[in-house]
file my_file01.pdb (PDB, C-alpha atoms)
MODEL        1
ATOM      1  CA  MET A 182     -45.585   7.884 -11.432
ATOM      2  CA  THR A 183     -43.163   5.062 -12.242
ATOM      3  CA  THR A 184     -40.550   7.544 -13.469
ATOM      4  CA  ASN A 185     -40.919   9.570 -10.271
ATOM      5  CA  LEU A 186     -40.518   6.455  -8.156
ATOM      6  CA  LEU A 187     -37.380   5.466 -10.048
ATOM      7  CA  GLU A 188     -35.892   8.960  -9.852
ATOM      8  CA  THR A 189     -36.612   9.198  -6.115
ATOM      9  CA  SER A 190     -35.112   5.781  -5.504
ATOM     10  CA  LEU A 191     -32.022   6.695  -7.513
ATOM     11  CA  GLU A 192     -31.571   9.891  -5.480
ATOM     12  CA  CYS A 193     -31.785   7.977  -2.185
ATOM     13  CA  LEU A 194     -29.135   5.397  -3.055
ATOM     14  CA  PRO A 195     -25.902   5.690  -1.020
ATOM     15  CA  ASP A 196     -23.827   4.629  -4.035
ATOM     16  CA  ALA A 197     -23.052   6.996  -6.902
ATOM     17  CA  VAL A 198     -25.037   6.070 -10.030
ATOM     18  CA  LEU A 199     -24.521   7.530 -13.512
ATOM     19  CA  VAL A 200     -26.542   6.552 -16.567
ATOM     20  CA  CYS A 201     -25.618   7.538 -20.117
ATOM     21  CA  ASP A 202     -27.074   6.942 -23.552
ATOM     22  CA  ALA A 203     -25.429   5.060 -26.418
ATOM     23  CA  ASP A 204     -23.474   8.195 -27.414
ATOM     24  CA  GLY A 205     -21.972   8.471 -23.932
ATOM     25  CA  VAL A 206     -24.084  11.499 -22.956
ATOM     26  CA  LEU A 207     -25.240  11.529 -19.323
ATOM     27  CA  VAL A 208     -28.993  11.165 -18.871
ATOM     28  CA  ALA A 209     -29.147  10.610 -15.081
ATOM     29  CA  VAL A 210     -26.792  11.378 -12.181
ATOM     30  CA  ASN A 211     -27.890  10.772  -8.596
ATOM     31  CA  ALA A 212     -27.075  12.851  -5.502
ATOM     32  CA  ALA A 213     -24.315  10.508  -4.313
ATOM     33  CA  ALA A 214     -22.596  10.836  -7.709
ATOM     34  CA  ARG A 215     -22.785  14.628  -7.589
ATOM     35  CA  ARG A 216     -21.294  14.615  -4.073
ATOM     36  CA  LEU A 217     -18.486  12.262  -5.021
ATOM     37  CA  LEU A 218     -17.593  13.501  -8.498
ATOM     38  CA  GLY A 219     -18.899  17.068  -8.530
ATOM     39  CA  ASP A 220     -21.374  19.079 -10.577
ATOM     40  CA  GLN A 221     -19.395  18.681 -13.784
ATOM     41  CA  PHE A 222     -21.063  15.265 -14.029
ATOM     42  CA  ARG A 223     -24.604  16.371 -14.889
ATOM     43  CA  PRO A 224     -27.307  15.260 -17.347
ATOM     44  CA  GLY A 225     -26.641  16.423 -20.895
ATOM     45  CA  ARG A 226     -22.860  16.356 -20.492
ATOM     46  CA  PRO A 227     -20.939  14.005 -22.805
ATOM     47  CA  LEU A 228     -18.616  11.613 -21.009
ATOM     48  CA  ARG A 229     -16.211  11.273 -23.904
ATOM     49  CA  GLY A 230     -14.834  13.540 -26.579
ATOM     50  CA  PRO A 231     -14.828  17.377 -26.484
ATOM     51  CA  GLY A 232     -16.647  18.815 -23.450
ATOM     52  CA  ALA A 233     -16.220  15.681 -21.379
ATOM     53  CA  PRO A 234     -15.467  16.332 -17.686
ATOM     54  CA  ALA A 235     -12.010  15.435 -16.434
ATOM     55  CA  PHE A 236     -12.026  12.019 -14.816
ATOM     56  CA  ARG A 237      -8.734  10.972 -13.311
ATOM     57  CA  ALA A 238      -8.502   7.418 -12.039
ATOM     58  CA  ARG A 239      -5.698   5.084 -11.122
ATOM     59  CA  ARG A 240      -5.539   1.395 -10.466
ATOM     60  CA  PRO A 241      -4.761   0.277  -6.871
ATOM     61  CA  THR A 242      -1.198  -0.311  -8.061
ATOM     62  CA  GLY A 243      -0.966   3.364  -9.044
ATOM     63  CA  GLU A 244      -1.012   3.229 -12.861
ATOM     64  CA  ALA A 245      -3.309   5.713 -14.587
ATOM     65  CA  VAL A 246      -6.482   4.346 -16.216
ATOM     66  CA  GLN A 247      -6.667   5.343 -19.874
ATOM     67  CA  ALA A 248      -9.985   6.717 -21.145
ATOM     68  CA  ALA A 249     -10.599   3.654 -23.333
ATOM     69  CA  ASP A 250     -10.189   1.380 -20.292
ATOM     70  CA  ALA A 251     -12.552   3.330 -18.016
ATOM     71  CA  PRO A 252     -15.536   1.261 -16.812
ATOM     72  CA  LEU A 253     -18.054   3.384 -18.713
ATOM     73  CA  ALA A 254     -16.145   3.100 -21.987
ATOM     74  CA  ARG A 255     -15.961  -0.666 -21.531
ATOM     75  CA  ALA A 256     -19.703  -0.894 -20.772
ATOM     76  CA  LEU A 257     -20.498   1.187 -23.886
ATOM     77  CA  ARG A 258     -18.547  -1.405 -25.861
ATOM     78  CA  GLY A 259     -20.861  -4.084 -24.434
ATOM     79  CA  GLU A 260     -18.673  -5.340 -21.593
ATOM     80  CA  ALA A 261     -19.925  -5.765 -18.016
ATOM     81  CA  VAL A 262     -17.482  -4.575 -15.335
ATOM     82  CA  THR A 263     -17.869  -5.891 -11.791
ATOM     83  CA  ASN A 264     -16.299  -4.444  -8.634
ATOM     84  CA  LEU A 265     -13.281  -2.897 -10.318
ATOM     85  CA  ARG A 266     -11.081  -1.223  -7.679
ATOM     86  CA  LEU A 267      -9.913   2.263  -8.582
ATOM     87  CA  VAL A 268      -8.612   5.407  -6.918
ATOM     88  CA  VAL A 269     -10.456   8.441  -8.270
ATOM     89  CA  GLU A 270     -10.117  12.173  -7.765
ATOM     90  CA  THR A 271     -13.230  13.496  -6.050
ATOM     91  CA  ALA A 272     -15.039  16.799  -6.427
ATOM     92  CA  GLY A 273     -12.966  18.329  -3.607
ATOM     93  CA  GLY A 274      -9.670  17.183  -5.124
ATOM     94  CA  ALA A 275      -9.167  14.420  -2.536
ATOM     95  CA  LEU A 276      -8.620  10.828  -3.560
ATOM     96  CA  ALA A 277     -11.236   8.158  -2.959
ATOM     97  CA  HIS A 278     -10.777   4.404  -3.061
ATOM     98  CA  VAL A 279     -13.806   3.065  -4.921
ATOM     99  CA  SER A 280     -15.320  -0.102  -6.311
ATOM    100  CA  VAL A 281     -16.881   0.447  -9.741
ATOM    101  CA  SER A 282     -19.386  -1.712 -11.596
ATOM    102  CA  ALA A 283     -20.769  -0.910 -15.049
ATOM    103  CA  VAL A 284     -23.273  -2.659 -17.281
ATOM    104  CA  PRO A 285     -24.320  -2.067 -20.895
ATOM    105  CA  LEU A 286     -27.977  -1.145 -21.450
ATOM    106  CA  ARG A 287     -29.775  -2.749 -24.402
ATOM    107  CA  SER A 288     -33.204  -2.564 -25.984
ATOM    108  CA  ARG A 289     -35.436  -5.619 -26.084
ATOM    109  CA  LEU A 290     -33.997  -6.282 -29.522
ATOM    110  CA  GLY A 291     -30.470  -6.179 -28.142
ATOM    111  CA  GLU A 292     -29.526  -2.802 -29.600
ATOM    112  CA  PRO A 293     -27.044  -0.725 -27.506
ATOM    113  CA  LYS A 294     -28.916   1.934 -25.503
ATOM    114  CA  GLY A 295     -26.176   3.169 -23.179
ATOM    115  CA  ALA A 296     -24.618   2.150 -19.893
ATOM    116  CA  THR A 297     -25.061   2.421 -16.136
ATOM    117  CA  VAL A 298     -22.124   2.917 -13.778
ATOM    118  CA  VAL A 299     -22.285   2.374 -10.010
ATOM    119  CA  VAL A 300     -19.467   3.723  -7.828
ATOM    120  CA  ARG A 301     -19.132   2.645  -4.191
ATOM    121  CA  GLU A 302     -16.648   4.406  -1.942
ATOM    122  CA  ILE A 303     -14.489   2.137   0.207
ATOM    123  CA  VAL A 304     -13.279   3.354   3.565
ATOM    124  CA  LEU A 305     -11.012   0.874   5.310
ATOM    125  CA  ASP A 306     -10.800   0.616   9.080
ATOM    126  CA  ARG A 307      -7.624   2.272  10.425
ATOM    127  CA  ALA A 308      -6.846  -0.628  12.769
ATOM    128  CA  LEU A 309      -7.043  -3.003   9.797
ATOM    129  CA  GLN A 310      -4.740  -0.784   7.767
ATOM    130  CA  GLY A 311      -2.255  -0.730  10.665
ATOM    131  CA  ALA A 312      -2.331  -4.530  10.924
ATOM    132  CA  VAL A 313      -1.798  -4.879   7.156
ATOM    133  CA  HIS A 314       1.157  -2.488   7.328
ATOM    134  CA  ARG A 315       2.810  -4.464  10.137
ATOM    135  CA  LEU A 316       2.203  -7.816   8.410
ATOM    136  CA  ARG A 317       3.612  -6.672   5.054
ATOM    137  CA  THR A 318       6.650  -5.116   6.742
ATOM    138  CA  THR A 319       7.383  -8.335   8.641
ATOM    139  CA  LEU A 320       6.830 -10.471   5.536
ATOM    140  CA  THR A 321       9.347  -8.320   3.661
ATOM    141  CA  SER A 322      11.972  -9.392   6.166
ATOM    142  CA  VAL A 323      11.010 -13.096   5.998
ATOM    143  CA  ARG A 324      10.798 -13.248   2.191
ATOM    144  CA  GLY A 325      13.930 -11.138   1.770
ATOM    145  CA  ALA A 326      15.982 -13.147   4.258
ATOM    146  CA  ALA A 327      15.014 -16.459   2.610
ATOM    147  CA  ALA A 328      15.791 -15.191  -0.896
ATOM    148  CA  LEU A 329      19.125 -13.676   0.128
ATOM    149  CA  LEU A 330      20.114 -16.811   2.052
ATOM    150  CA  ARG A 331      19.411 -18.877  -1.085
ATOM    151  CA  ARG A 332      21.563 -16.546  -3.174
ATOM    152  CA  SER A 333      24.381 -16.666  -0.635
ATOM    153  CA  TRP A 334      24.790 -20.382  -1.428
ATOM    154  CA  GLY A 335      25.498 -19.419  -5.035
ATOM    155  CA  GLY A 336      23.205 -21.991  -6.653
ATOM    156  CA  ARG A 337      24.547 -24.848  -4.498
ATOM    157  CA  VAL A 338      21.925 -24.920  -1.739
ATOM    158  CA  PRO A 339      22.060 -28.212   0.222
ATOM    159  CA  PRO A 340      18.758 -30.128  -0.197
ATOM    160  CA  ALA A 341      17.922 -29.964   3.509
ATOM    161  CA  VAL A 342      18.391 -26.174   3.508
ATOM    162  CA  GLU A 343      16.397 -25.809   0.273
ATOM    163  CA  ASP A 344      13.505 -27.734   1.876
ATOM    164  CA  LEU A 345      13.497 -25.289   4.793
ATOM    165  CA  LEU A 346      13.679 -22.274   2.469
ATOM    166  CA  GLN A 347      10.742 -23.591   0.468
ATOM    167  CA  ILE A 348       8.726 -23.886   3.681
ATOM    168  CA  ALA A 349       9.531 -20.216   4.391
ATOM    169  CA  ASP A 350       8.555 -19.251   0.789
ATOM    170  CA  ARG A 351       5.260 -21.150   0.903
ATOM    171  CA  SER A 352       4.356 -19.762   4.320
ATOM    172  CA  THR A 353       5.120 -16.228   3.154
ATOM    173  CA  GLU A 354       2.988 -16.633   0.022
ATOM    174  CA  THR A 355       0.098 -18.011   2.110
ATOM    175  CA  LEU A 356       0.238 -15.000   4.419
ATOM    176  CA  VAL A 357       0.522 -12.529   1.511
ATOM    177  CA  LEU A 358      -2.622 -14.014  -0.043
ATOM    178  CA  GLN A 359      -4.393 -13.898   3.340
ATOM    179  CA  VAL A 360      -3.532 -10.216   3.774
ATOM    180  CA  ASP A 361      -4.721  -9.356   0.241
ATOM    181  CA  SER A 362      -7.889 -11.384   0.771
ATOM    182  CA  LEU A 363      -8.531  -9.624   4.090
ATOM    183  CA  LEU A 364      -8.224  -6.239   2.410
ATOM    184  CA  ASP A 365     -10.402  -7.333  -0.494
ATOM    185  CA  ARG A 366     -13.173  -8.626   1.777
ATOM    186  CA  ALA A 367     -13.004  -5.582   4.054
ATOM    187  CA  GLY A 368     -13.169  -3.305   1.019
ATOM    188  CA  ARG A 369     -16.201  -5.118  -0.304
ATOM    189  CA  PHE A 370     -18.275  -4.671   2.818
ATOM    190  CA  VAL A 371     -16.980  -1.642   4.704
ATOM    191  CA  ARG A 372     -18.096   1.841   3.731
TER     192      ARG A 372
ATOM    193  CA  MET B1019      33.450   4.601 -13.395
ATOM    194  CA  THR B1020      31.739   5.851 -10.226
ATOM    195  CA  THR B1021      29.972   3.266  -8.094
ATOM    196  CA  PRO B1022      26.297   4.325  -7.826
ATOM    197  CA  ARG B1023      25.243   5.505  -4.376
ATOM    198  CA  ILE B1024      21.736   4.696  -3.163
ATOM    199  CA  LEU B1025      19.905   6.381  -0.306
ATOM    200  CA  VAL B1026      17.540   3.939   1.438
ATOM    201  CA  VAL B1027      14.967   5.758   3.579
ATOM    202  CA  GLU B1028      13.436   3.063   5.764
ATOM    203  CA  ASP B1029      12.700   3.073   9.492
ATOM    204  CA  GLU B1030      12.233  -0.668   9.994
ATOM    205  CA  PRO B1031      15.784  -2.032  10.614
ATOM    206  CA  ASP B1032      15.251  -5.542   9.165
ATOM    207  CA  ASN B1033      13.661  -4.145   5.982
ATOM    208  CA  ALA B1034      16.472  -1.588   5.699
ATOM    209  CA  TRP B1035      19.040  -4.391   5.975
ATOM    210  CA  ILE B1036      17.282  -6.425   3.227
ATOM    211  CA  PHE B1037      17.206  -3.362   0.925
ATOM    212  CA  ARG B1038      20.872  -2.670   1.650
ATOM    213  CA  VAL B1039      21.890  -6.210   0.646
ATOM    214  CA  VAL B1040      19.744  -6.063  -2.531
ATOM    215  CA  CYS B1041      21.290  -2.744  -3.570
ATOM    216  CA  GLU B1042      24.808  -3.978  -2.798
ATOM    217  CA  MET B1043      24.153  -7.062  -4.941
ATOM    218  CA  ALA B1044      23.325  -4.616  -7.734
ATOM    219  CA  GLY B1045      26.841  -3.212  -7.310
ATOM    220  CA  CYS B1046      25.935  -0.049  -5.404
ATOM    221  CA  LYS B1047      27.035   1.730  -2.246
ATOM    222  CA  VAL B1048      24.212   2.261   0.244
ATOM    223  CA  VAL B1049      23.401   4.897   2.847
ATOM    224  CA  ILE B1050      20.552   4.175   5.252
ATOM    225  CA  ALA B1051      18.354   6.970   6.647
ATOM    226  CA  PRO B1052      15.734   5.900   9.233
ATOM    227  CA  ASP B1053      13.700   9.111   8.920
ATOM    228  CA  LEU B1054      13.112  12.173   6.756
ATOM    229  CA  ALA B1055      15.510  14.413   8.714
ATOM    230  CA  SER B1056      18.406  11.965   8.220
ATOM    231  CA  ALA B1057      17.537  11.607   4.530
ATOM    232  CA  ARG B1058      17.608  15.389   4.055
ATOM    233  CA  ARG B1059      21.038  15.539   5.729
ATOM    234  CA  VAL B1060      22.396  12.878   3.351
ATOM    235  CA  LEU B1061      20.993  14.737   0.347
ATOM    236  CA  SER B1062      22.558  17.997   1.500
ATOM    237  CA  GLN B1063      26.048  16.453   1.467
ATOM    238  CA  SER B1064      28.341  16.807  -1.501
ATOM    239  CA  ASP B1065      28.489  13.071  -2.261
ATOM    240  CA  PRO B1066      26.057  12.365  -5.102
ATOM    241  CA  VAL B1067      22.969  10.177  -4.650
ATOM    242  CA  HIS B1068      21.968   8.248  -7.782
ATOM    243  CA  LEU B1069      18.734   6.644  -6.527
ATOM    244  CA  ILE B1070      16.404   6.945  -3.539
ATOM    245  CA  VAL B1071      14.546   3.914  -2.172
ATOM    246  CA  LEU B1072      11.759   5.441  -0.128
ATOM    247  CA  ASP B1073       9.347   4.055   2.453
ATOM    248  CA  LEU B1074       6.180   6.123   2.928
ATOM    249  CA  LEU B1075       5.203   5.898   6.588
ATOM    250  CA  LEU B1076       8.173   7.323   8.482
ATOM    251  CA  PRO B1077       8.521   8.430  12.134
ATOM    252  CA  ASP B1078       8.807  12.134  11.327
ATOM    253  CA  GLY B1079       6.448  12.406   8.355
ATOM    254  CA  HIS B1080       5.265  10.980   5.054
ATOM    255  CA  GLY B1081       7.838   9.837   2.516
ATOM    256  CA  LEU B1082       6.066  11.702  -0.269
ATOM    257  CA  GLU B1083       7.149  15.008   1.296
ATOM    258  CA  LEU B1084      10.716  14.012   0.445
ATOM    259  CA  CYS B1085       9.651  12.661  -2.954
ATOM    260  CA  GLU B1086       8.143  16.027  -3.886
ATOM    261  CA  GLU B1087      11.184  17.924  -2.580
ATOM    262  CA  VAL B1088      13.543  15.753  -4.637
ATOM    263  CA  LYS B1089      11.438  16.054  -7.787
ATOM    264  CA  ALA B1090      11.402  19.844  -7.396
ATOM    265  CA  SER B1091      15.087  20.368  -6.578
ATOM    266  CA  ARG B1092      16.913  17.366  -8.089
ATOM    267  CA  PRO B1093      14.614  15.826 -10.718
ATOM    268  CA  SER B1094      17.386  13.675 -12.193
ATOM    269  CA  ILE B1095      17.417  11.393  -9.119
ATOM    270  CA  PRO B1096      15.012   8.472  -9.646
ATOM    271  CA  VAL B1097      12.754   7.566  -6.701
ATOM    272  CA  LEU B1098      11.560   4.037  -5.965
ATOM    273  CA  VAL B1099       8.687   4.032  -3.460
ATOM    274  CA  VAL B1100       8.412   0.842  -1.400
ATOM    275  CA  THR B1101       5.539   0.655   1.044
ATOM    276  CA  ALA B1102       3.490  -1.711   3.168
ATOM    277  CA  SER B1103       0.458   0.563   3.162
ATOM    278  CA  GLY B1104      -2.913  -1.128   2.781
ATOM    279  CA  ASP B1105      -4.487   2.027   1.379
ATOM    280  CA  PRO B1106      -4.461   2.120  -2.457
ATOM    281  CA  ARG B1107      -4.709   5.907  -2.298
ATOM    282  CA  ASP B1108      -1.045   5.940  -1.202
ATOM    283  CA  ASN B1109      -0.094   4.285  -4.502
ATOM    284  CA  ALA B1110      -2.004   6.873  -6.504
ATOM    285  CA  VAL B1111      -0.482   9.689  -4.485
ATOM    286  CA  ALA B1112       2.977   8.220  -5.063
ATOM    287  CA  PHE B1113       2.458   8.322  -8.809
ATOM    288  CA  ASN B1114       0.968  11.796  -8.672
ATOM    289  CA  ALA B1115       4.087  12.906  -6.783
ATOM    290  CA  CYS B1116       6.152  11.605  -9.708
ATOM    291  CA  ALA B1117       7.722   8.601  -8.018
ATOM    292  CA  ASP B1118       9.437   6.716 -10.827
ATOM    293  CA  ARG B1119       8.414   3.274  -9.624
ATOM    294  CA  PHE B1120       6.287   1.796  -6.903
ATOM    295  CA  MET B1121       6.699  -1.569  -5.178
ATOM    296  CA  LYS B1122       4.398  -3.084  -2.612
ATOM    297  CA  LYS B1123       5.842  -4.943   0.367
ATOM    298  CA  PRO B1124       6.684  -7.744   0.754
ATOM    299  CA  ILE B1125       9.067  -7.196  -2.137
ATOM    300  CA  ASP B1126      10.777  -9.961  -4.115
ATOM    301  CA  PRO B1127      14.535  -9.218  -3.757
ATOM    302  CA  ASP B1128      15.327 -10.429  -7.305
ATOM    303  CA  ARG B1129      12.667  -8.154  -8.792
ATOM    304  CA  MET B1130      13.802  -5.257  -6.641
ATOM    305  CA  GLU B1131      17.379  -5.706  -7.881
ATOM    306  CA  ARG B1132      16.139  -5.538 -11.503
ATOM    307  CA  VAL B1133      14.107  -2.400 -10.759
ATOM    308  CA  VAL B1134      17.090  -0.755  -9.036
ATOM    309  CA  LEU B1135      19.265  -1.403 -12.100
ATOM    310  CA  GLU B1136      16.541  -0.073 -14.446
ATOM    311  CA  LEU B1137      16.160   3.098 -12.405
ATOM    312  CA  LEU B1138      19.910   3.698 -12.241
ATOM    313  CA  ALA B1139      19.992   3.455 -16.044
ATOM    314  CA  LEU B1140      17.025   5.859 -16.203
ATOM    315  CA  GLY B1141      18.834   8.341 -13.928
ATOM    316  CA  LYS B1142      21.936   8.263 -16.131
ATOM    317  CA  GLY B1143      19.842   9.333 -19.112
ATOM    318  CA  ARG B1144      18.426  12.402 -17.363
TER     319      ARG B1144
ENDMDL
END
call {"tool": "encode", "arguments": {"input": "my_file01.pdb", "output": "structure tokens"}}
result
Amino acid sequence: MTTNLLETSLECLPDAVLVCDADGVLVAVNAAARRLLGDQFRPGRPLRGPGAPAFRARRPTGEAVQAADAPLARALRGEAVTNLRLVVETAGGALAHVSVSAVPLRSRLGEPKGATVVVREIVLDRALQGAVHRLRTTLTSVRGAAALLRRSWGGRVPPAVEDLLQIADRSTETLVLQVDSLLDRAGRFVR
Amino acid sequence: MTTPRILVVEDEPDNAWIFRVVCEMAGCKVVIAPDLASARRVLSQSDPVHLIVLDLLLPDGHGLELCEEVKASRPSIPVLVVTASGDPRDNAVAFNACADRFMKKPIDPDRMERVVLELLALGKGR
């Protein structure tokens, strides 16, 4: 009865959930995970070594994630991973922006028993994306103009001018952080 | 020795001007193209292009169309993608399309100059 309740609950979750044993073999995959990642992620399939399904992920900056750095591999080594942003290839070949959390599973005696991975897809509002694009484009001009003006003085910037340039630098940095924070918060709550 | 020639594909005039100055500081000649059609015309000319600085969201299409064309027809030309996109999928797509480097706006001009010089050296070795 308890097992049925847990399995039913797992199937109903909107987030993709994958559970594997200590050897990295899948023991549970919910419906959301099958939709997102495809049928190649199914119970009994090893997630590492020969026979492992292809899992291509990149960091938000574009660099590929190596197998040893994947959230599941880290959790199997005993590390908890919280809200790691990745871009993953989905079952249909499209790319999805996701937030991934993974935790190691242990017995009561602390022995490694496997890991659970939760994958949440992030869909950002188009209006927000447009605003971010305009802000970053404008900030490129402000930051670039200040930096190039400083260089045009050839290392002999008058103190009064340097003060003004530093105001421009600080204001730009504040806005860059605000934009990144806005995206981060939107990504955490918007599906 | 030939002065390197850089094609900057950027539709926002102020950003294009900043990129031009950065590339000129790196000792290069610069051609600006505000859209994909202009960029294709520049690439079809006989004057060589040694590096492409490429924005992604352009008035007549996505910059990665050009990136893929260049990688298929002239793979020795390095491509530096510079974008203001807030969608991380664009970054992943840029790497999948074999862009050599990726920079997020707002760029730091000093860092961009270093990257331009690195990519020109990379292009020479191809």
call {"tool": "atom_distance", "arguments": {"input": "my_file01.pdb", "atom1": "CA of Ala1102 (chain B)", "atom2": "CA of Val279 (chain A)"}}
result
19.7 Å
call {"tool": "atom_distance", "arguments": {"input": "my_file01.pdb", "atom1": "CA of Val281 (chain A)", "atom2": "CA of Cys201 (chain A)"}}
result
15.3 Å
call {"tool": "atom_distance", "arguments": {"input": "my_file01.pdb", "atom1": "CA of Pro1022 (chain B)", "atom2": "CA of Ser1091 (chain B)"}}
result
19.6 Å
call {"tool": "resolve_selection", "arguments": {"input": "my_file01.pdb", "expression": "the ChimeraX specification (/A :<10) & /B", "output": "ChimeraX atom specification"}}
result
/B:1030-1037,1039-1040,1043,1075,1101-1114,1119-1128
call {"tool": "resolve_selection", "arguments": {"input": "my_file01.pdb", "expression": "the PyMOL selection byres ((chain B and resi 1074) around 10)", "output": "ChimeraX atom specification"}}
result
/B:1027-1029,1054,1072-1073,1075-1077,1079-1085,1099-1103,1108-1109,1112
call {"tool": "resolve_selection", "arguments": {"input": "my_file01.pdb", "expression": "the PyMOL selection byres ((chain A and resi 229-234) around 9)", "output": "PyMOL selection string"}}
result
chain A and resi 204-206+221-222+226-228+235-236+248+254
call {"tool": "residues_near_point", "arguments": {"input": "my_file01.pdb", "point": "(-16.1, 15.5, -8.9)", "cutoff": "6 Å", "atoms": "all atoms listed in the file", "output": "list in words"}}
result
Leu217, Leu218, Gly219, Thr271 and Ala272 of chain A
call {"tool": "closest_residue", "arguments": {"input": "my_file01.pdb", "among": "B:Arg1023, B:Arg1092, B:Lys1142, B:Arg1059", "to": "Cys1041 (chain B)", "atoms": "all atoms listed in the file"}}
result
B:Arg1023
call {"tool": "closest_residue", "arguments": {"input": "my_file01.pdb", "among": "B:Glu1087, B:Arg1132, B:Ala1044, B:Val1049", "to": "Val1071 (chain B)", "atoms": "all atoms listed in the file"}}
result
B:Val1049
